[in-house]
Amino acid sequence: MEVAAPQPGPGEVLIRLHAAGVNPFDWKVAEGVLKDVIPHAFPLVLGNDGAGVIEQVGAGVSDYQPGDHVYGQFMDLERGHGTYAEYTIAAADGKIARIPLELPFTAAAALPTASITAYQAIRMAGLQSGQTILINGATGGVGQFAVQFAAQAGARVLATATPALSDHILGLGASEVIDFTSRAVSEYPRNVDVVLDLVHTPGGDIDKLAEVLRPGGTLLNTNHAAGSLIRQDIRGVNVTNHATTEELTLLAELTATGKLQVTVGASFALADAPAGIAEAKSGNAYGKTVVTIA
Ligand SMILES: NC(=O)c1ccc[n+]([C@@H]2O[C@H](COP(=O)([O-])OP(=O)(O)OC[C@H]3O[C@@H](n4cnc5c(N)ncnc54)[C@H](OP(=O)(O)O)[C@@H]3O)[C@@H](O)[C@H]2O)c1
């Protein structure tokens, strides 16, 4: 639908978006996951991740100028702002950062939520060189970045993947691929040091997955399911991403210099964003889904 472009208030910037990244969070918001937690302003523009060019700066903004290429997280439910739009607003001291001019907007838009979550999860795990990590959900947005960060930390990376994506995940640095469609969790390798679980939700059988850990190991989960772990001899960690300008700057630079690989598996025009969400939600994605905005 047509809505008026938002106006930047003091300390805010107006961004002309060129691409939006699709995340499970977007369709969870559309399904009302936060409706009892945060007030939502309607019409509500979906989309947390995006990249574009600063069009206008509000009063008091000195860190950014019109023409700067930026990316980050933008969804503001209380004001109805998001990135599946031509324009959005961000606080200048918020979850945004400049991107190198050579980094395409589509690649940048695919990064924020997934790469920050993976980066912070691997750091929270305290993963050491020579340790073994199992990444459950390794072919998804977060997983593909986590495989790379874990491999770069010198870990042995066991990654779940379908046969169709096996070579792709090995190419990102996985040591071994586990076909989750043909092997039961009870048959997964044991005695691993860290599990990064991107699949289980509260009420699921996360305890079965925890059995692969050695005593004293760490299980991290991105869906608030780690709190229900029954096993007492492991560390359960719920991961919630908190993007900072410093880390966004680092991740954009790593990507622009080829040290971090981002795979855009599908792209959709803004008018087709609902189809893009539906496709991303249906699974079997080769990489991130991006909405391009002319
Ligand atoms: N707390 C936070 O800050 C935070 C941040 C980012 C994401 N998240 C959450 O973390 C989860 C992962 O995010 P994402 O962006 O990576 O999602 P995604 O791109 O949809 O990836 C999910 C991956 O899990 C795979 N998968 C599904 N069932 C599986 C199973 N039984 N065993 C192994 N793998 C399986 C999927 O494979 P197929 O495609 O073959 O089905 C897909 O590759 C989502 O629930 C998301 O909401 C939380």
# chains A, B, ... in the order shown; residues from 1 in each chain; ligands from 1
call {"tool": "closest_atom_pairs", "arguments": {"of": "chain A", "to": "ligand 1", "cutoff": "9 Å", "atoms": "only C-alpha atoms and all ligand atoms", "output": "tab-separated table"}}
result
residue	atom	partner	partner_atom_place_in_ligand_line	distance
A:Val22	CA	ligand 1	15 (O)	8.3
A:Asn23	CA	ligand 1	15 (O)	5.3
A:Pro24	CA	ligand 1	47 (O)	4.6
A:Phe25	CA	ligand 1	47 (O)	5.0
A:Asp26	CA	ligand 1	47 (O)	8.5
A:Trp27	CA	ligand 1	47 (O)	9.0
A:Lys28	CA	ligand 1	47 (O)	7.5
A:Thr113	CA	ligand 1	6 (C)	5.6
A:Ala114	CA	ligand 1	6 (C)	5.4
A:Ser115	CA	ligand 1	6 (C)	8.5
A:Ile116	CA	ligand 1	5 (C)	8.1
A:Thr117	CA	ligand 1	5 (C)	5.3
A:Ala118	CA	ligand 1	6 (C)	8.0
A:Ile135	CA	ligand 1	33 (C)	8.4
A:Asn136	CA	ligand 1	33 (C)	5.0
A:Gly137	CA	ligand 1	24 (O)	3.5
A:Ala138	CA	ligand 1	43 (O)	5.9
A:Thr139	CA	ligand 1	43 (O)	3.8
A:Gly140	CA	ligand 1	21 (O)	3.2
A:Gly141	CA	ligand 1	16 (O)	3.8
A:Val142	CA	ligand 1	16 (O)	3.7
A:Gly143	CA	ligand 1	16 (O)	5.4
A:Gln144	CA	ligand 1	16 (O)	7.7
A:Phe145	CA	ligand 1	16 (O)	8.9
A:Ala159	CA	ligand 1	33 (C)	8.6
A:Thr160	CA	ligand 1	33 (C)	5.4
A:Ala161	CA	ligand 1	34 (N)	6.4
A:Thr162	CA	ligand 1	40 (O)	6.2
A:Leu165	CA	ligand 1	40 (O)	8.5
A:Ile178	CA	ligand 1	33 (C)	8.8
A:Asp179	CA	ligand 1	33 (C)	8.1
A:Phe180	CA	ligand 1	32 (N)	5.1
A:Thr181	CA	ligand 1	32 (N)	7.4
A:Val185	CA	ligand 1	32 (N)	8.5
A:Asp197	CA	ligand 1	10 (O)	8.2
A:Leu198	CA	ligand 1	12 (C)	4.5
A:Val199	CA	ligand 1	24 (O)	5.4
A:His200	CA	ligand 1	45 (O)	7.7
A:Thr201	CA	ligand 1	45 (O)	7.4
A:Asn221	CA	ligand 1	10 (O)	7.7
A:Thr222	CA	ligand 1	1 (N)	4.2
A:Asn223	CA	ligand 1	9 (C)	5.5
A:His224	CA	ligand 1	1 (N)	7.1
A:Asn238	CA	ligand 1	1 (N)	7.4
A:Val239	CA	ligand 1	1 (N)	5.2
A:Thr240	CA	ligand 1	3 (O)	3.5
A:Asn241	CA	ligand 1	3 (O)	3.8
A:His242	CA	ligand 1	3 (O)	7.2
A:Ala280	CA	ligand 1	20 (O)	6.8
A:Lys281	CA	ligand 1	20 (O)	6.4
A:Ser282	CA	ligand 1	41 (O)	7.2
A:Gly283	CA	ligand 1	39 (O)	3.5
A:Asn284	CA	ligand 1	39 (O)	3.4
A:Ala285	CA	ligand 1	39 (O)	5.1
A:Tyr286	CA	ligand 1	39 (O)	7.8
A:Gly287	CA	ligand 1	19 (O)	7.6
A:Lys288	CA	ligand 1	19 (O)	6.8
A:Thr289	CA	ligand 1	19 (O)	8.7
call {"tool": "residues_around", "arguments": {"residues": "A:Ala109", "least_positions_apart": "5", "cutoff": "6 Å", "atoms": "only C-alpha atoms", "output": "list of chain:residue names"}}
result
A:Ala19, A:Ala20, A:Gly21, A:Asp49, A:Gly50, A:Ala51
call {"tool": "select_by_dssp", "arguments": {"residues": "stretch 174-206 of chain A", "states": "strand (DSSP E or B)", "output": "VMD selection string"}}
result
chain A and resid 176 to 178 192 to 197
call {"tool": "write_last_selection", "arguments": {"atoms": "all heavy atoms", "output": "PDB file, in the first residue's frame"}}
result
ATOM      1  N   GLU A 176      32.189 -31.801   8.569  1.00  0.00           N
ATOM      2  CA  GLU A 176      31.363 -32.995   8.353  1.00  0.00           C
ATOM      3  C   GLU A 176      29.900 -32.562   8.285  1.00  0.00           C
ATOM      4  O   GLU A 176      29.476 -31.694   9.048  1.00  0.00           O
ATOM      5  CB  GLU A 176      31.561 -33.939   9.540  1.00  0.00           C
ATOM      6  CG  GLU A 176      30.976 -35.320   9.361  1.00  0.00           C
ATOM      7  CD  GLU A 176      31.221 -36.169  10.621  1.00  0.00           C
ATOM      8  OE1 GLU A 176      32.336 -36.125  11.187  1.00  0.00           O
ATOM      9  OE2 GLU A 176      30.284 -36.854  11.042  1.00  0.00           O
ATOM     10  N   VAL A 177      29.160 -33.168   7.371  1.00  0.00           N
ATOM     11  CA  VAL A 177      27.745 -32.840   7.233  1.00  0.00           C
ATOM     12  C   VAL A 177      26.900 -34.010   7.732  1.00  0.00           C
ATOM     13  O   VAL A 177      27.208 -35.164   7.457  1.00  0.00           O
ATOM     14  CB  VAL A 177      27.423 -32.499   5.758  1.00  0.00           C
ATOM     15  CG1 VAL A 177      25.934 -32.572   5.492  1.00  0.00           C
ATOM     16  CG2 VAL A 177      27.943 -31.117   5.410  1.00  0.00           C
ATOM     17  N   ILE A 178      25.879 -33.680   8.487  1.00  0.00           N
ATOM     18  CA  ILE A 178      24.945 -34.700   8.982  1.00  0.00           C
ATOM     19  C   ILE A 178      23.604 -34.459   8.295  1.00  0.00           C
ATOM     20  O   ILE A 178      23.022 -33.379   8.433  1.00  0.00           O
ATOM     21  CB  ILE A 178      24.760 -34.576  10.515  1.00  0.00           C
ATOM     22  CG1 ILE A 178      26.105 -34.744  11.224  1.00  0.00           C
ATOM     23  CG2 ILE A 178      23.736 -35.583  11.019  1.00  0.00           C
ATOM     24  CD1 ILE A 178      26.076 -34.325  12.689  1.00  0.00           C
ATOM     25  N   VAL A 192      30.466 -33.830  21.844  1.00  0.00           N
ATOM     26  CA  VAL A 192      30.853 -32.544  21.262  1.00  0.00           C
ATOM     27  C   VAL A 192      30.927 -31.499  22.379  1.00  0.00           C
ATOM     28  O   VAL A 192      30.316 -31.628  23.440  1.00  0.00           O
ATOM     29  CB  VAL A 192      29.905 -32.092  20.118  1.00  0.00           C
ATOM     30  CG1 VAL A 192      29.704 -33.199  19.091  1.00  0.00           C
ATOM     31  CG2 VAL A 192      28.586 -31.614  20.648  1.00  0.00           C
ATOM     32  N   ASP A 193      31.707 -30.452  22.123  1.00  0.00           N
ATOM     33  CA  ASP A 193      31.926 -29.421  23.150  1.00  0.00           C
ATOM     34  C   ASP A 193      30.809 -28.384  23.175  1.00  0.00           C
ATOM     35  O   ASP A 193      30.433 -27.888  24.238  1.00  0.00           O
ATOM     36  CB  ASP A 193      33.263 -28.708  22.880  1.00  0.00           C
ATOM     37  CG  ASP A 193      34.431 -29.660  22.912  1.00  0.00           C
ATOM     38  OD1 ASP A 193      34.780 -30.117  24.013  1.00  0.00           O
ATOM     39  OD2 ASP A 193      34.969 -29.976  21.831  1.00  0.00           O
ATOM     40  N   VAL A 194      30.312 -28.039  21.980  1.00  0.00           N
ATOM     41  CA  VAL A 194      29.313 -26.974  21.870  1.00  0.00           C
ATOM     42  C   VAL A 194      28.249 -27.388  20.856  1.00  0.00           C
ATOM     43  O   VAL A 194      28.573 -27.967  19.811  1.00  0.00           O
ATOM     44  CB  VAL A 194      29.966 -25.648  21.390  1.00  0.00           C
ATOM     45  CG1 VAL A 194      28.906 -24.578  21.140  1.00  0.00           C
ATOM     46  CG2 VAL A 194      31.002 -25.150  22.393  1.00  0.00           C
ATOM     47  N   VAL A 195      26.995 -27.106  21.173  1.00  0.00           N
ATOM     48  CA  VAL A 195      25.906 -27.228  20.192  1.00  0.00           C
ATOM     49  C   VAL A 195      25.308 -25.839  19.990  1.00  0.00           C
ATOM     50  O   VAL A 195      24.971 -25.167  20.974  1.00  0.00           O
ATOM     51  CB  VAL A 195      24.797 -28.183  20.680  1.00  0.00           C
ATOM     52  CG1 VAL A 195      23.600 -28.143  19.724  1.00  0.00           C
ATOM     53  CG2 VAL A 195      25.319 -29.606  20.795  1.00  0.00           C
ATOM     54  N   LEU A 196      25.232 -25.403  18.745  1.00  0.00           N
ATOM     55  CA  LEU A 196      24.453 -24.201  18.431  1.00  0.00           C
ATOM     56  C   LEU A 196      23.181 -24.695  17.760  1.00  0.00           C
ATOM     57  O   LEU A 196      23.213 -25.209  16.632  1.00  0.00           O
ATOM     58  CB  LEU A 196      25.235 -23.253  17.503  1.00  0.00           C
ATOM     59  CG  LEU A 196      24.439 -22.040  16.989  1.00  0.00           C
ATOM     60  CD1 LEU A 196      23.855 -21.213  18.130  1.00  0.00           C
ATOM     61  CD2 LEU A 196      25.306 -21.172  16.084  1.00  0.00           C
ATOM     62  N   ASP A 197      22.075 -24.574  18.467  1.00  0.00           N
ATOM     63  CA  ASP A 197      20.793 -25.102  17.988  1.00  0.00           C
ATOM     64  C   ASP A 197      19.922 -23.959  17.474  1.00  0.00           C
ATOM     65  O   ASP A 197      19.486 -23.096  18.247  1.00  0.00           O
ATOM     66  CB  ASP A 197      20.096 -25.841  19.135  1.00  0.00           C
ATOM     67  CG  ASP A 197      18.690 -26.276  18.752  1.00  0.00           C
ATOM     68  OD1 ASP A 197      18.495 -26.632  17.573  1.00  0.00           O
ATOM     69  OD2 ASP A 197      17.794 -26.231  19.619  1.00  0.00           O
TER      70      ASP A 197
END
call {"tool": "select_by_dssp", "arguments": {"residues": "stretch 43-182 of chain A", "states": "alpha helix (DSSP H)", "output": "JSON, numbers by chain"}}
result
{"A": [105, 106, 107, 108, 109, 112, 113, 114, 115, 116, 117, 118, 119, 120, 121, 122, 123, 124, 125, 141, 142, 143, 144, 145, 146, 147, 148, 149, 150, 151, 152, 166, 167, 168, 169, 170, 171]}
call {"tool": "write_last_selection", "arguments": {"atoms": "N, CA, C and O atoms", "output": "CSV table (one decimal), in the first residue's frame"}}
result
chain,number,residue,atom,x,y,z
A,105,PHE,N,24.1,-3.6,-2.0
A,105,PHE,CA,23.0,-3.4,-1.1
A,105,PHE,C,22.3,-4.8,-0.8
A,105,PHE,O,21.9,-5.1,0.3
A,106,THR,N,22.2,-5.6,-1.8
A,106,THR,CA,21.6,-6.9,-1.6
A,106,THR,C,22.4,-7.8,-0.6
A,106,THR,O,21.8,-8.4,0.2
A,107,ALA,N,23.7,-7.7,-0.7
A,107,ALA,CA,24.5,-8.5,0.2
A,107,ALA,C,24.4,-7.9,1.6
A,107,ALA,O,24.3,-8.7,2.6
A,108,ALA,N,24.5,-6.6,1.7
A,108,ALA,CA,24.4,-6.0,3.0
A,108,ALA,C,23.1,-6.3,3.7
A,108,ALA,O,23.1,-6.5,4.9
A,109,ALA,N,22.0,-6.2,2.9
A,109,ALA,CA,20.7,-6.4,3.5
A,109,ALA,C,20.5,-7.8,4.0
A,109,ALA,O,19.7,-8.1,4.9
A,112,PRO,N,22.5,-8.4,8.5
A,112,PRO,CA,22.4,-7.9,9.9
A,112,PRO,C,22.0,-9.0,10.9
A,112,PRO,O,22.8,-9.4,11.7
A,113,THR,N,20.7,-9.4,10.9
A,113,THR,CA,20.3,-10.2,12.0
A,113,THR,C,21.0,-11.6,12.0
A,113,THR,O,21.5,-12.1,13.0
A,114,ALA,N,21.1,-12.2,10.8
A,114,ALA,CA,21.7,-13.5,10.8
A,114,ALA,C,23.2,-13.5,11.1
A,114,ALA,O,23.7,-14.3,11.9
A,115,SER,N,24.0,-12.6,10.6
A,115,SER,CA,25.4,-12.6,10.8
A,115,SER,C,25.7,-12.1,12.3
A,115,SER,O,26.6,-12.7,12.9
A,116,ILE,N,25.0,-11.1,12.8
A,116,ILE,CA,25.2,-10.7,14.1
A,116,ILE,C,24.9,-11.8,15.1
A,116,ILE,O,25.6,-12.0,16.1
A,117,THR,N,23.8,-12.5,14.9
A,117,THR,CA,23.4,-13.6,15.8
A,117,THR,C,24.5,-14.7,15.8
A,117,THR,O,24.9,-15.2,16.9
A,118,ALA,N,24.9,-15.0,14.6
A,118,ALA,CA,26.0,-16.1,14.5
A,118,ALA,C,27.3,-15.6,15.2
A,118,ALA,O,27.9,-16.4,16.0
A,119,TYR,N,27.7,-14.4,14.9
A,119,TYR,CA,28.9,-13.9,15.5
A,119,TYR,C,28.8,-13.9,17.0
A,119,TYR,O,29.8,-14.3,17.7
A,120,GLN,N,27.7,-13.4,17.5
A,120,GLN,CA,27.6,-13.3,19.0
A,120,GLN,C,27.4,-14.6,19.6
A,120,GLN,O,28.0,-14.9,20.7
A,121,ALA,N,26.7,-15.5,19.0
A,121,ALA,CA,26.6,-16.9,19.5
A,121,ALA,C,27.9,-17.6,19.6
A,121,ALA,O,28.2,-18.3,20.7
A,122,ILE,N,28.7,-17.5,18.6
A,122,ILE,CA,30.0,-18.2,18.6
A,122,ILE,C,30.9,-17.6,19.7
A,122,ILE,O,31.6,-18.3,20.4
A,123,ARG,N,30.8,-16.3,19.9
A,123,ARG,CA,31.6,-15.7,21.0
A,123,ARG,C,31.1,-16.1,22.4
A,123,ARG,O,31.8,-16.4,23.3
A,124,MET,N,29.7,-16.2,22.5
A,124,MET,CA,29.1,-16.6,23.8
A,124,MET,C,29.5,-18.0,24.1
A,124,MET,O,29.6,-18.4,25.3
A,125,ALA,N,29.7,-18.8,23.1
A,125,ALA,CA,30.1,-20.2,23.3
A,125,ALA,C,31.5,-20.4,23.9
A,125,ALA,O,31.8,-21.4,24.5
A,141,GLY,N,19.9,-19.0,7.5
A,141,GLY,CA,20.6,-17.7,7.5
A,141,GLY,C,21.7,-17.6,8.6
A,141,GLY,O,22.8,-17.3,8.3
A,142,VAL,N,21.3,-17.9,9.8
A,142,VAL,CA,22.2,-17.8,11.0
A,142,VAL,C,23.3,-18.9,10.8
A,142,VAL,O,24.5,-18.7,11.0
A,143,GLY,N,22.8,-20.1,10.4
A,143,GLY,CA,23.7,-21.3,10.4
A,143,GLY,C,24.9,-21.1,9.4
A,143,GLY,O,26.0,-21.4,9.7
A,144,GLN,N,24.6,-20.5,8.2
A,144,GLN,CA,25.7,-20.4,7.2
A,144,GLN,C,26.8,-19.5,7.7
A,144,GLN,O,28.0,-19.6,7.4
A,145,PHE,N,26.4,-18.4,8.5
A,145,PHE,CA,27.4,-17.5,9.0
A,145,PHE,C,28.1,-18.2,10.2
A,145,PHE,O,29.4,-18.1,10.4
A,146,ALA,N,27.4,-19.0,11.0
A,146,ALA,CA,27.9,-19.6,12.2
A,146,ALA,C,29.0,-20.6,11.8
A,146,ALA,O,30.0,-20.8,12.4
A,147,VAL,N,28.7,-21.4,10.7
A,147,VAL,CA,29.7,-22.4,10.2
A,147,VAL,C,31.0,-21.7,9.9
A,147,VAL,O,32.1,-22.1,10.3
A,148,GLN,N,30.9,-20.5,9.3
A,148,GLN,CA,32.2,-19.8,8.9
A,148,GLN,C,32.9,-19.3,10.2
A,148,GLN,O,34.1,-19.4,10.3
A,149,PHE,N,32.2,-18.7,11.1
A,149,PHE,CA,32.9,-18.1,12.3
A,149,PHE,C,33.5,-19.3,13.1
A,149,PHE,O,34.6,-19.1,13.7
A,150,ALA,N,32.8,-20.4,13.2
A,150,ALA,CA,33.3,-21.5,14.0
A,150,ALA,C,34.5,-22.1,13.3
A,150,ALA,O,35.5,-22.4,14.0
A,151,ALA,N,34.5,-22.3,12.0
A,151,ALA,CA,35.6,-22.8,11.3
A,151,ALA,C,36.8,-21.9,11.4
A,151,ALA,O,38.0,-22.3,11.6
A,152,GLN,N,36.5,-20.5,11.3
A,152,GLN,CA,37.6,-19.6,11.5
A,152,GLN,C,38.2,-19.6,12.9
A,152,GLN,O,39.4,-19.2,13.1
A,166,SER,N,24.8,-30.1,1.0
A,166,SER,CA,26.0,-30.6,1.6
A,166,SER,C,27.3,-29.9,1.1
A,166,SER,O,28.1,-29.5,1.9
A,167,ASP,N,27.5,-29.9,-0.2
A,167,ASP,CA,28.7,-29.3,-0.7
A,167,ASP,C,28.8,-27.8,-0.4
A,167,ASP,O,29.9,-27.4,-0.1
A,168,HIS,N,27.7,-27.1,-0.4
A,168,HIS,CA,27.8,-25.7,-0.1
A,168,HIS,C,28.2,-25.5,1.3
A,168,HIS,O,29.1,-24.6,1.6
A,169,ILE,N,27.7,-26.3,2.2
A,169,ILE,CA,28.1,-26.1,3.7
A,169,ILE,C,29.5,-26.5,3.9
A,169,ILE,O,30.3,-25.9,4.7
A,170,LEU,N,30.0,-27.6,3.2
A,170,LEU,CA,31.4,-28.0,3.3
A,170,LEU,C,32.3,-26.9,2.8
A,170,LEU,O,33.3,-26.6,3.4
A,171,GLY,N,31.8,-26.2,1.8
A,171,GLY,CA,32.6,-25.1,1.2
A,171,GLY,C,32.7,-23.9,2.1
A,171,GLY,O,33.6,-23.1,2.0
call {"tool": "atom_distance", "arguments": {"atom1": "atom CA of A:Gln232", "atom2": "atom CA of A:Arg183"}}
result
26.0 Å
call {"tool": "residues_around", "arguments": {"residues": "A:Leu44", "least_positions_apart": "4", "cutoff": "10 Å", "atoms": "only C-alpha atoms", "output": "mmCIF file with C-alpha atoms, in the first residue's frame"}}
result
data_model
loop_
_atom_site.group_PDB
_atom_site.id
_atom_site.type_symbol
_atom_site.label_atom_id
_atom_site.label_comp_id
_atom_site.auth_asym_id
_atom_site.auth_seq_id
_atom_site.Cartn_x
_atom_site.Cartn_y
_atom_site.Cartn_z
ATOM 1 C CA ALA A 30 3.181 -10.952 11.011
ATOM 2 C CA HIS A 40 2.177 -2.287 17.220
ATOM 3 C CA MET A 75 11.974 -2.634 12.565
ATOM 4 C CA ASP A 76 10.148 -0.330 15.004
ATOM 5 C CA LEU A 77 6.809 -1.905 15.878
ATOM 6 C CA GLU A 78 5.644 0.972 18.043
ATOM 7 C CA ARG A 79 5.975 3.413 15.137
ATOM 8 C CA GLY A 80 5.118 0.945 12.383
ATOM 9 C CA HIS A 81 8.485 1.271 10.608
ATOM 10 C CA GLY A 82 10.324 -1.518 8.781
#
